[in-house]
>>> print(open('run_20.txt').read())   # compact mmCIF, C-alpha atoms
# COMPACT_ATOMS: atom_id res chain seq x y z
CA MET Y 151 82.70 66.63 80.53
CA ASP Y 152 83.19 63.19 79.15
CA GLY Y 153 83.07 63.38 75.37
CA LEU Y 154 80.40 60.80 74.73
CA VAL Y 155 78.13 62.05 77.42
CA GLU Y 156 78.57 65.57 76.22
CA ARG Y 157 77.68 64.62 72.70
CA LEU Y 158 74.60 62.76 73.81
CA THR Y 159 73.52 65.45 76.14
CA ARG Y 160 73.97 68.16 73.66
CA SER Y 161 72.13 66.31 71.02
CA VAL Y 162 69.31 65.69 73.45
CA ALA Y 163 69.12 69.23 74.65
CA GLN Y 164 69.62 70.86 71.32
CA ARG Y 165 67.11 68.73 69.58
CA THR Y 166 64.37 69.43 72.04
CA SER Y 167 62.38 71.91 70.05
CA ARG Y 168 62.62 70.07 66.82
CA ARG Y 169 62.46 66.56 68.08
CA SER Y 170 58.78 65.88 67.88
CA PHE Y 171 58.67 67.30 64.46
CA LEU Y 172 61.62 65.22 63.35
CA VAL Y 173 60.25 62.08 64.88
CA ARG Y 174 56.94 62.62 63.22
CA LEU Y 175 58.70 63.34 59.98
CA GLY Y 176 60.66 60.16 60.48
CA GLN Y 177 57.52 58.22 61.06
CA ILE Y 178 56.06 59.47 57.83
CA ALA Y 179 59.27 58.85 55.96
CA MET Y 180 59.77 55.35 57.23
CA GLY Y 181 56.24 54.13 57.51
CA GLY Y 182 55.98 53.99 61.25
CA ALA Y 183 59.55 53.18 62.16
CA VAL Y 184 61.32 55.74 64.25
CA LEU Y 185 64.02 57.51 62.35
CA PRO Y 186 67.34 56.67 63.95
CA LEU Y 187 68.19 60.27 64.65
CA LEU Y 188 68.62 59.53 68.25
CA PRO Y 189 72.01 58.86 69.72
CA ILE Y 190 70.98 55.31 70.38
CA ASP Y 191 67.49 54.32 69.46
CA ARG Y 192 66.20 53.11 72.75
CA VAL Y 193 64.47 50.14 71.30
CA THR Y 194 67.27 49.39 68.97
CA SER Y 195 65.86 46.54 67.05
CA LYS Y 196 62.31 47.75 66.78
CA ALA Y 197 62.04 46.63 63.21
CA GLY Y 198 64.31 43.63 63.37
CA ALA Y 199 63.77 41.80 66.61
CA GLN Y 200 61.86 38.60 66.32
CA THR Y 201 62.04 37.91 69.99
CA MET Y 202 60.37 41.10 71.01
CA GLN Y 203 56.93 40.70 72.44
CA GLU Y 204 54.37 43.41 71.92
CA GLY Y 205 52.41 44.27 75.02
CA HIS Y 206 48.79 43.30 75.17
CA SER Y 207 46.00 45.71 74.90
CA SER Y 208 42.76 44.84 76.60
CA GLY Y 209 40.79 46.98 74.20
CA GLY Y 210 39.87 49.67 76.67
CA ALA Y 211 41.12 51.52 79.66
CA SER Y 212 42.38 48.58 81.61
CA GLY Y 213 43.08 48.28 85.27
CA ASP Y 214 45.95 45.91 84.62
CA ASP Y 215 49.35 47.53 84.82
CA THR Y 216 50.93 44.83 82.67
CA THR Y 217 48.92 45.93 79.65
CA CYS Y 218 49.70 48.83 77.36
CA ASP Y 219 46.39 50.57 77.82
CA TYR Y 220 46.63 50.86 81.57
CA TRP Y 221 45.82 54.55 82.04
CA ARG Y 222 49.15 55.57 83.51
CA TYR Y 223 50.92 54.48 80.34
CA CYS Y 224 49.13 57.02 78.14
CA ALA Y 225 52.44 58.46 76.94
CA PHE Y 226 54.60 55.39 77.41
CA ASP Y 227 57.14 54.14 74.92
CA GLY Y 228 59.26 51.13 75.77
CA PHE Y 229 59.03 47.93 77.79
CA LEU Y 230 56.80 47.79 80.85
CA CYS Y 231 58.86 47.12 83.96
CA THR Y 232 55.82 45.31 85.35
CA CYS Y 233 56.53 42.56 82.78
CA CYS Y 234 60.27 42.59 83.37
CA GLY Y 235 60.56 41.66 87.02
CA GLY Y 236 60.07 45.14 88.38
CA SER Y 237 56.93 47.03 89.33
CA ILE Y 238 55.22 50.14 88.04
CA THR Y 239 57.39 52.23 90.36
CA GLU Y 240 60.48 50.06 90.78
CA CYS Y 241 63.24 48.85 88.55
CA PRO Y 242 63.93 45.13 88.28
CA ALA Y 243 66.88 43.73 90.20
CA GLY Y 244 70.15 44.34 88.42
CA THR Y 245 69.08 47.61 86.85
CA VAL Y 246 69.27 51.18 88.06
CA ALA Y 247 66.82 54.00 87.57
CA SER Y 248 68.07 56.65 85.19
CA PRO Y 249 68.80 59.99 86.87
CA THR Y 250 66.56 61.62 84.31
CA ALA Y 251 62.88 61.22 83.66
CA TRP Y 252 60.39 62.60 81.27
CA VAL Y 253 57.03 63.79 82.39
CA GLY Y 254 53.57 63.65 80.92
CA THR Y 255 49.99 63.80 82.08
CA CYS Y 256 47.39 61.07 81.86
CA LYS Y 257 43.72 61.18 82.57
CA HIS Y 258 42.44 58.69 85.11
CA PRO Y 259 39.51 56.97 83.43
CA GLY Y 260 37.26 56.80 86.48
CA GLU Y 261 38.08 60.08 88.13
CA ALA Y 262 38.15 62.40 85.14
CA LYS Y 263 41.25 63.97 86.62
CA GLU Y 264 44.67 64.41 85.11
CA TYR Y 265 47.72 63.14 86.86
CA ILE Y 266 51.34 64.05 86.34
CA VAL Y 267 53.29 60.92 85.53
CA ALA Y 268 57.07 60.53 85.41
CA TYR Y 269 58.40 57.90 83.05
CA ARG Y 270 61.75 56.71 84.11
CA ASP Y 271 63.96 54.21 82.43
CA CYS Y 272 65.68 51.38 84.20
CA CYS Y 273 69.13 50.95 82.80
CA GLY Y 274 72.04 48.59 82.99
CA LYS Y 275 70.79 45.41 81.38
CA ALA Y 276 69.97 44.54 77.82
CA GLN Y 277 66.48 45.47 76.74
CA CYS Y 278 63.81 43.35 78.38
CA ASN Y 279 61.85 42.62 75.20
CA ARG Y 280 58.59 41.94 77.02
CA CYS Y 281 55.47 44.10 76.88
CA MET Y 282 56.60 46.63 74.35
CA CYS Y 283 54.18 49.56 74.37
CA ASP Y 284 54.28 52.66 72.28
CA ASN Y 285 51.53 55.00 73.30
CA ASN Y 286 52.02 58.31 71.70
CA GLN Y 287 48.84 59.96 72.91
CA GLY Y 288 50.86 61.98 75.37
CA GLU Y 289 52.94 63.48 72.62
CA MET Y 290 50.33 66.06 71.91
CA PRO Y 291 51.25 69.58 70.95
CA ILE Y 292 51.06 70.79 74.51
CA TYR Y 293 53.64 68.25 75.60
CA ARG Y 294 55.83 68.61 72.55
CA THR Y 295 59.53 69.38 72.67
CA GLN Y 296 61.45 67.88 75.53
CA LEU Y 297 58.67 65.49 76.41
CA ASN Y 298 59.29 63.35 73.46
CA ASN Y 299 59.49 59.78 74.58
CA ASP Y 300 61.79 58.32 71.97
CA THR Y 301 64.86 59.74 73.63
CA VAL Y 302 67.23 57.53 75.49
CA TRP Y 303 66.60 58.65 79.00
CA CYS Y 304 69.42 56.49 80.29
CA PHE Y 305 71.77 59.21 79.08
CA GLY Y 306 72.72 60.41 82.49
CA SER Y 307 73.43 57.06 84.02
CA LYS Y 308 76.71 55.23 84.02
CA GLU Y 309 75.31 52.34 82.14
CA MET Y 310 73.65 53.16 78.88
CA ALA Y 311 71.74 49.96 78.17
CA TYR Y 312 67.99 50.48 78.29
CA HIS Y 313 65.97 47.73 79.97
CA CYS Y 314 62.44 48.91 80.77
CA THR Y 315 60.44 51.92 81.95
CA THR Y 316 58.46 52.70 85.11
CA ALA Y 317 55.55 55.13 85.45
CA VAL Y 318 55.38 56.96 88.76
CA ILE Y 319 52.58 59.38 89.65
CA LEU Y 320 54.01 62.70 90.80
CA GLY Y 321 50.71 64.29 91.67
CA GLU Y 322 47.46 65.62 90.42
CA LYS Y 323 47.47 68.28 87.77
CA ALA Y 324 46.16 71.50 89.23
CA MET Q 297 69.54 96.05 96.36
CA ARG Q 298 67.89 99.45 96.14
CA SER Q 299 64.73 99.51 98.13
CA ALA Q 300 62.47 100.42 95.21
CA ASP Q 301 63.74 97.37 93.41
CA LYS Q 302 63.29 95.32 96.46
CA ASP Q 303 59.67 96.37 96.67
CA ARG Q 304 59.06 95.63 93.06
CA LEU Q 305 60.56 92.23 93.45
CA HIS Q 306 58.47 91.75 96.50
CA ASP Q 307 55.16 92.59 94.88
CA GLY Q 308 55.76 90.62 91.75
CA GLY Q 309 57.52 87.98 93.71
CA ALA Q 310 55.16 87.31 96.59
CA ARG Q 311 53.87 84.25 94.88
CA LEU Q 312 57.37 83.20 93.97
CA ILE Q 313 58.45 83.40 97.54
CA LEU Q 314 55.51 81.35 98.69
CA ALA Q 315 56.34 78.84 96.03
CA ALA Q 316 59.94 78.80 97.18
CA LEU Q 317 58.82 77.88 100.66
CA ALA Q 318 56.96 74.98 99.19
CA LEU Q 319 60.16 73.68 97.64
CA LEU Q 320 59.94 70.57 99.73
CA ALA Q 321 56.87 69.61 97.80
CA ILE Q 322 58.97 68.90 94.74
CA PRO Q 323 59.15 65.16 94.37
CA ALA Q 324 62.48 63.43 94.62
CA LEU Q 325 63.57 61.47 91.61
CA ALA Q 326 65.01 58.50 93.36
CA GLY Q 327 65.43 56.72 96.60
CA GLU Q 328 62.24 58.01 98.16
CA PRO Q 329 58.68 56.78 98.00
CA PRO Q 330 56.62 58.59 95.37
CA PRO Q 331 54.56 61.53 96.64
CA PRO Q 332 50.90 60.96 97.48
CA SER Q 333 49.10 60.74 94.18
CA HIS Q 334 46.73 63.58 94.99
CA GLN Q 335 49.59 65.96 95.70
CA LYS Q 336 49.02 69.29 93.93
CA TYR Q 337 51.69 71.87 93.25
CA PRO Q 338 51.55 75.66 93.23
CA ALA Q 339 51.57 76.91 89.64
CA PRO Q 340 55.28 77.63 89.13
CA ILE Q 341 56.29 74.38 90.78
CA GLN Q 342 53.99 72.48 88.51
CA LEU Q 343 55.61 74.18 85.54
CA TYR Q 344 59.02 73.15 86.79
CA VAL Q 345 57.97 69.60 87.62
CA MET Q 346 56.35 69.03 84.27
CA ASN Q 347 58.98 70.69 82.12
CA CYS Q 348 62.35 70.88 83.82
CA TRP Q 349 62.46 68.53 86.80
CA GLY Q 350 63.20 65.44 84.74
CA CYS Q 351 66.61 66.83 83.78
CA HIS Q 352 67.53 69.52 86.28
CA LYS Q 353 66.34 67.45 89.26
CA PRO Q 354 64.16 68.44 92.21
CA GLY Q 355 66.56 70.86 93.83
CA GLY Q 356 68.05 72.24 90.63
CA GLU Q 357 71.14 70.17 91.36
CA GLY Q 358 71.42 68.90 87.77
CA ILE Q 359 73.38 65.82 86.82
CA PRO Q 360 77.12 66.35 87.05
CA GLY Q 361 78.70 66.23 83.63
CA THR Q 362 75.35 65.98 81.88
CA VAL Q 363 72.81 68.61 82.90
CA PRO Q 364 74.05 71.86 84.45
CA ARG Q 365 73.32 72.74 87.99
CA LEU Q 366 70.90 75.63 88.55
CA ARG Q 367 71.11 75.81 92.31
CA ASP Q 368 73.43 78.50 93.70
CA THR Q 369 74.65 79.37 90.25
CA VAL Q 370 72.04 80.18 87.60
CA GLY Q 371 71.60 83.76 88.88
CA ASP Q 372 75.27 84.43 88.13
CA PHE Q 373 74.46 84.74 84.45
CA LEU Q 374 72.49 87.91 85.19
CA HIS Q 375 75.73 89.74 85.99
CA VAL Q 376 77.01 89.93 82.40
CA PRO Q 377 75.55 91.33 79.18
CA GLY Q 378 73.79 88.59 77.26
CA GLY Q 379 73.30 86.45 80.34
CA ARG Q 380 69.73 87.46 80.95
CA GLU Q 381 68.79 86.58 77.37
CA TYR Q 382 70.79 83.36 77.57
CA LEU Q 383 68.43 82.00 80.21
CA ILE Q 384 65.55 82.42 77.74
CA GLU Q 385 67.48 81.19 74.72
CA VAL Q 386 68.81 77.85 76.04
CA PRO Q 387 67.01 75.07 74.19
CA GLY Q 388 65.45 73.55 77.33
CA VAL Q 389 63.68 76.85 77.95
CA ALA Q 390 63.11 78.35 74.49
CA GLY Q 391 62.02 75.00 73.09
CA SER Q 392 59.77 74.07 76.01
CA ALA Q 393 56.04 73.53 75.62
CA LEU Q 394 55.36 76.54 77.82
CA SER Q 395 53.69 79.80 76.83
CA ASN Q 396 55.81 82.95 77.03
CA ALA Q 397 54.08 83.96 80.24
CA GLU Q 398 54.80 80.55 81.74
CA VAL Q 399 58.45 80.74 80.70
CA ALA Q 400 58.71 84.06 82.53
CA GLU Q 401 57.00 82.55 85.55
CA VAL Q 402 59.21 79.47 85.71
CA LEU Q 403 62.42 81.49 85.18
CA ASN Q 404 61.50 83.92 87.96
CA TRP Q 405 60.61 81.04 90.22
CA MET Q 406 63.82 79.21 89.35
CA LEU Q 407 65.96 82.25 90.12
CA MET Q 408 64.21 83.01 93.41
CA THR Q 409 64.12 79.43 94.52
CA PHE Q 410 67.49 78.09 93.52
CA SER Q 411 69.73 81.08 93.20
CA LYS Q 412 68.46 84.00 95.24
CA ASN Q 413 71.92 84.85 96.53
CA GLN Q 414 73.40 85.22 93.07
CA ILE Q 415 70.70 87.57 91.76
CA PRO Q 416 72.25 91.02 91.19
CA PRO Q 417 70.84 94.10 92.88
CA GLY Q 418 68.12 95.75 90.83
CA PHE Q 419 67.01 92.50 89.24
CA GLN Q 420 63.68 92.89 87.47
CA PRO Q 421 61.59 89.77 87.04
CA TYR Q 422 61.27 88.39 83.53
CA THR Q 423 58.14 89.43 81.66
CA GLU Q 424 56.08 87.75 79.00
CA ALA Q 425 57.04 90.42 76.44
CA GLU Q 426 60.73 89.90 77.10
CA VAL Q 427 60.40 86.16 76.63
CA ALA Q 428 58.50 86.75 73.38
CA LYS Q 429 61.37 88.90 72.17
CA TYR Q 430 64.28 86.56 72.86
CA ARG Q 431 62.71 83.16 72.61
CA PRO Q 432 62.87 82.97 68.81
CA ARG Q 433 66.66 83.16 69.15
CA GLU Q 434 66.83 79.65 70.54
CA LEU Q 435 70.48 78.68 70.60
CA ASN Q 436 71.93 75.91 68.53
CA ASN Q 437 75.44 76.62 69.79
CA VAL Q 438 74.81 76.67 73.51
CA GLN Q 439 78.28 75.58 74.50
CA THR Q 440 79.95 78.42 72.59
CA VAL Q 441 77.62 81.08 73.95
CA ARG Q 442 77.91 79.66 77.44
CA ALA Q 443 81.70 79.62 77.26
CA GLU Q 444 81.72 83.31 76.31
CA LEU Q 445 79.45 84.17 79.23
CA VAL Q 446 81.59 82.09 81.56
CA SER Q 447 84.73 83.97 80.55
CA LYS Q 448 82.99 87.33 80.95
CA LEU Q 449 81.94 86.21 84.39
CA ALA Q 450 85.45 85.06 85.21
CA ALA Q 451 86.71 88.54 84.28
CA GLN Q 452 84.42 89.86 87.01
CA GLY Q 453 85.72 87.31 89.46
CA ILE Q 454 82.60 85.15 89.33
CA LYS Q 455 83.50 81.55 88.93
CA LEU Q 456 80.84 79.05 87.91
CA PRO Q 457 80.98 75.54 89.31
CA PRO Q 458 82.18 72.92 86.83
CA GLN Q 459 79.39 71.82 84.58
>>> encode(input="run_20.txt", output="structure tokens")
Amino acid sequence: MDGLVERLTRSVAQRTSRRSFLVRLGQIAMGGAVLPLLPIDRVTSKAGAQTMQEGHSSGGASGDDTTCDYWRYCAFDGFLCTCCGGSITECPAGTVASPTAWVGTCKHPGEAKEYIVAYRDCCGKAQCNRCMCDNNQGEMPIYRTQLNNDTVWCFGSKEMAYHCTTAVILGEKA
Amino acid sequence: MRSADKDRLHDGGARLILAALALLAIPALAGEPPPPSHQKYPAPIQLYVMNCWGCHKPGGEGIPGTVPRLRDTVGDFLHVPGGREYLIEVPGVAGSALSNAEVAEVLNWMLMTFSKNQIPPGFQPYTEAEVAKYRPRELNNVQTVRAELVSKLAAQGIKLPPQ
């Protein structure tokens, strides 16, 4: 195993059970900033970037997939690919989908049903910096551990740079 | 496999086997259109999709060099002392959001679906009580423990594929 990848992987896998706790701890300790425990904080310059544009919120469950409160983004953290030249299911040109994904469930506002949603990073270009959304609703106790969304999910791909994230429905929760 | 064991596996495993047949329902990660949004999964598949799929991939193929393969190999661990517990104690399992009963269910499903041919004769499905017992021993030195198991396996002539 390549040394770097191994280190990253092991830190990802071994942190799983403590990660949410640590992230939350980090948030308390640093007043909302994510503690840089992660191999590479996926939104590296969260605190520092002036150029980064926060995603809009339409103030309710929106039907617009370029806004942070679109229902499928209930556990989203990162840049919306829909604002970065890709779509909700497809990576923008010049990036590749990470081999890994993390999975959450979101309730469809109209249908009162829960859907299983895979969040998958598009990697290989510098971060997109448009429509930054950080919706931690999905990080509820039931989805704790490995479903923490502050991890760099590009870890399995050849190119580590994180660009944006897609949200693909995998099915309806039974 | 002794026939009594076979029967036991069969009873407890009827649902597992059905689920295994439905393997094709597991969504692909890449290169294919997403599944229909109203797709529903049998219980153990849903557990796998929601908790393991993102790393171990739809067919348990893993990501070479990053996430170990489960397919055609994970059952090998059951051949050496400590191996059965290891499958509960790895962080991805022990630290998952699942209840103990669900861990047992997903492990049994995983073994039957991905690694049926490696399961030793006399294999007894995991139980909730067993998971409750070993889960608190979540490993923080996986690679060391794994390496020991791999060398015990090698001594028995069982060679694991490269990780």
>>> interface_residues(input="run_20.txt", of="chain Q", to="chain Y", cutoff="7 Å", atoms="all atoms listed in the file", output="mmCIF file with C-alpha atoms, keeping the file's coordinate frame")
data_model
loop_
_atom_site.group_PDB
_atom_site.id
_atom_site.type_symbol
_atom_site.label_atom_id
_atom_site.label_comp_id
_atom_site.auth_asym_id
_atom_site.auth_seq_id
_atom_site.Cartn_x
_atom_site.Cartn_y
_atom_site.Cartn_z
ATOM 1 C CA PRO Q 323 59.150 65.160 94.370
ATOM 2 C CA PRO Q 330 56.620 58.590 95.370
ATOM 3 C CA PRO Q 331 54.560 61.530 96.640
ATOM 4 C CA PRO Q 332 50.900 60.960 97.480
ATOM 5 C CA SER Q 333 49.100 60.740 94.180
ATOM 6 C CA HIS Q 334 46.730 63.580 94.990
ATOM 7 C CA GLN Q 335 49.590 65.960 95.700
ATOM 8 C CA LYS Q 336 49.020 69.290 93.930
ATOM 9 C CA TYR Q 337 51.690 71.870 93.250
ATOM 10 C CA MET Q 346 56.350 69.030 84.270
ATOM 11 C CA GLY Q 350 63.200 65.440 84.740
ATOM 12 C CA CYS Q 351 66.610 66.830 83.780
ATOM 13 C CA ILE Q 359 73.380 65.820 86.820
ATOM 14 C CA GLY Q 361 78.700 66.230 83.630
ATOM 15 C CA THR Q 362 75.350 65.980 81.880
ATOM 16 C CA PRO Q 387 67.010 75.070 74.190
ATOM 17 C CA GLY Q 388 65.450 73.550 77.330
ATOM 18 C CA GLY Q 391 62.020 75.000 73.090
ATOM 19 C CA SER Q 392 59.770 74.070 76.010
ATOM 20 C CA ALA Q 393 56.040 73.530 75.620
ATOM 21 C CA ASN Q 436 71.930 75.910 68.530
#
>>> residues_around(input="run_20.txt", residues="Lys429 (chain Q)", least_positions_apart="3", cutoff="12 Å", atoms="only C-alpha atoms", output="ChimeraX atom specification")
/Q:381,384-385,390,396-397,400,422-426,432-434
>>> atom_distance(input="run_20.txt", atom1="CA of Cys304 (chain Y)", atom2="CA of His206 (chain Y)")
25.0 Å
>>> atom_distance(input="run_20.txt", atom1="CA of Tyr312 (chain Y)", atom2="CA of Gly205 (chain Y)")
17.1 Å
>>> axis_aligned_box(input="run_20.txt", around="region 413-421 of chain Q", padding_each_side="8 Å", output="AutoDock Vina command-line options")
--center_x 67.5 --center_y 90.3 --center_z 91.8 --size_x 27.8 --size_y 26.9 --size_z 25.5
>>> closest_residue(input="run_20.txt", among="Q:Leu435, Q:Leu366, Q:Ile454, Q:Val446", to="Leu403 (chain Q)", atoms="all atoms listed in the file")
Q:Leu366
>>> residues_near_point(input="run_20.txt", point="(75.9, 79.4, 74.9)", cutoff="10 Å", atoms="all atoms listed in the file", output="list in words")
Gly378, Gly379, Tyr382, Leu383, Glu385, Val386, Pro387, Leu435, Asn436, Asn437, Val438, Gln439, Thr440, Val441, Arg442, Ala443, Glu444, Leu445 and Val446 of chain Q
>>> closest_residue(input="run_20.txt", among="Q:Pro458, Q:Gly371, Q:Pro354, Q:Gly453", to="Pro416 (chain Q)", atoms="all atoms listed in the file")
Q:Gly371
>>> atom_distance(input="run_20.txt", atom1="CA of Phe229 (chain Y)", atom2="CA of Gly260 (chain Y)")
25.1 Å
>>> residues_around(input="run_20.txt", residues="Glu401 (chain Q)", least_positions_apart="6", cutoff="12 Å", atoms="all atoms listed in the file", output="list in words")
Gly308, Gly309, Arg311, Leu312, Ala315, Pro338, Ala339, Pro340, Ile341, Gln342, Leu343, Tyr344, Ile384, Val389, Leu394, Ser395, Leu407, Met408, Thr409, Pro421, Tyr422, Thr423, Glu424, Glu426 and Val427 of chain Q
>>> closest_residue(input="run_20.txt", among="Q:Lys455, Q:Val402, Q:Gly418, Q:Ser411", to="Thr369 (chain Q)", atoms="only C-alpha atoms")
Q:Ser411
>>> closest_residue(input="run_20.txt", among="Y:Gly236, Y:Pro259, Y:Pro242, Y:Gly228", to="Gly274 (chain Y)", atoms="only C-alpha atoms")
Y:Pro242
>>> closest_residue(input="run_20.txt", among="Y:Thr315, Y:Asp227, Y:Asp214, Y:Arg222", to="Cys283 (chain Y)", atoms="all atoms listed in the file")
Y:Asp227
>>> decode(input="run_20.txt", residues="region 261-275 of chain Y", atoms="N, CA, C and O atoms", output="PDB file, in the first residue's frame")
ATOM      1  N   GLU Y 261     -43.436  14.250   0.038  1.00  0.00           N
ATOM      2  CA  GLU Y 261     -43.887  12.857   0.092  1.00  0.00           C
ATOM      3  C   GLU Y 261     -43.854  12.245   1.480  1.00  0.00           C
ATOM      4  O   GLU Y 261     -44.315  11.133   1.656  1.00  0.00           O
ATOM      5  N   ALA Y 262     -43.245  12.933   2.416  1.00  0.00           N
ATOM      6  CA  ALA Y 262     -43.085  12.372   3.760  1.00  0.00           C
ATOM      7  C   ALA Y 262     -42.450  10.987   3.723  1.00  0.00           C
ATOM      8  O   ALA Y 262     -42.815  10.075   4.459  1.00  0.00           O
ATOM      9  N   LYS Y 263     -41.513  10.828   2.823  1.00  0.00           N
ATOM     10  CA  LYS Y 263     -40.782   9.561   2.728  1.00  0.00           C
ATOM     11  C   LYS Y 263     -39.308   9.875   2.865  1.00  0.00           C
ATOM     12  O   LYS Y 263     -38.865  10.948   2.493  1.00  0.00           O
ATOM     13  N   GLU Y 264     -38.570   8.886   3.344  1.00  0.00           N
ATOM     14  CA  GLU Y 264     -37.124   9.083   3.443  1.00  0.00           C
ATOM     15  C   GLU Y 264     -36.440   8.404   2.276  1.00  0.00           C
ATOM     16  O   GLU Y 264     -36.771   7.279   1.913  1.00  0.00           O
ATOM     17  N   TYR Y 265     -35.474   9.088   1.743  1.00  0.00           N
ATOM     18  CA  TYR Y 265     -34.685   8.524   0.665  1.00  0.00           C
ATOM     19  C   TYR Y 265     -33.237   8.361   1.097  1.00  0.00           C
ATOM     20  O   TYR Y 265     -32.727   9.133   1.896  1.00  0.00           O
ATOM     21  N   ILE Y 266     -32.612   7.334   0.519  1.00  0.00           N
ATOM     22  CA  ILE Y 266     -31.190   7.113   0.786  1.00  0.00           C
ATOM     23  C   ILE Y 266     -30.398   7.911  -0.260  1.00  0.00           C
ATOM     24  O   ILE Y 266     -30.627   7.757  -1.455  1.00  0.00           O
ATOM     25  N   VAL Y 267     -29.520   8.757   0.221  1.00  0.00           N
ATOM     26  CA  VAL Y 267     -28.790   9.642  -0.685  1.00  0.00           C
ATOM     27  C   VAL Y 267     -27.290   9.401  -0.540  1.00  0.00           C
ATOM     28  O   VAL Y 267     -26.774   9.351   0.576  1.00  0.00           O
ATOM     29  N   ALA Y 268     -26.618   9.223  -1.665  1.00  0.00           N
ATOM     30  CA  ALA Y 268     -25.158   9.082  -1.627  1.00  0.00           C
ATOM     31  C   ALA Y 268     -24.521  10.412  -2.002  1.00  0.00           C
ATOM     32  O   ALA Y 268     -24.832  10.984  -3.043  1.00  0.00           O
ATOM     33  N   TYR Y 269     -23.650  10.894  -1.148  1.00  0.00           N
ATOM     34  CA  TYR Y 269     -22.903  12.107  -1.436  1.00  0.00           C
ATOM     35  C   TYR Y 269     -21.538  11.686  -1.921  1.00  0.00           C
ATOM     36  O   TYR Y 269     -20.829  10.936  -1.253  1.00  0.00           O
ATOM     37  N   ARG Y 270     -21.208  12.189  -3.077  1.00  0.00           N
ATOM     38  CA  ARG Y 270     -19.970  11.747  -3.681  1.00  0.00           C
ATOM     39  C   ARG Y 270     -19.178  12.942  -4.156  1.00  0.00           C
ATOM     40  O   ARG Y 270     -19.710  13.791  -4.854  1.00  0.00           O
ATOM     41  N   ASP Y 271     -17.940  12.975  -3.779  1.00  0.00           N
ATOM     42  CA  ASP Y 271     -17.112  14.106  -4.160  1.00  0.00           C
ATOM     43  C   ASP Y 271     -16.598  13.963  -5.581  1.00  0.00           C
ATOM     44  O   ASP Y 271     -16.314  12.865  -6.041  1.00  0.00           O
ATOM     45  N   CYS Y 272     -16.457  15.113  -6.216  1.00  0.00           N
ATOM     46  CA  CYS Y 272     -15.789  15.172  -7.510  1.00  0.00           C
ATOM     47  C   CYS Y 272     -14.409  15.741  -7.240  1.00  0.00           C
ATOM     48  O   CYS Y 272     -14.271  16.749  -6.550  1.00  0.00           O
ATOM     49  N   CYS Y 273     -13.413  15.061  -7.775  1.00  0.00           N
ATOM     50  CA  CYS Y 273     -12.043  15.351  -7.367  1.00  0.00           C
ATOM     51  C   CYS Y 273     -11.183  15.626  -8.590  1.00  0.00           C
ATOM     52  O   CYS Y 273     -11.488  15.164  -9.686  1.00  0.00           O
ATOM     53  N   GLY Y 274     -10.097  16.339  -8.360  1.00  0.00           N
ATOM     54  CA  GLY Y 274      -9.141  16.500  -9.442  1.00  0.00           C
ATOM     55  C   GLY Y 274      -8.971  17.925  -9.900  1.00  0.00           C
ATOM     56  O   GLY Y 274      -8.185  18.198 -10.818  1.00  0.00           O
ATOM     57  N   LYS Y 275      -9.674  18.842  -9.290  1.00  0.00           N
ATOM     58  CA  LYS Y 275      -9.509  20.261  -9.592  1.00  0.00           C
ATOM     59  C   LYS Y 275      -9.576  20.984  -8.266  1.00  0.00           C
ATOM     60  O   LYS Y 275     -10.191  20.493  -7.334  1.00  0.00           O
TER      61      LYS Y 275
END
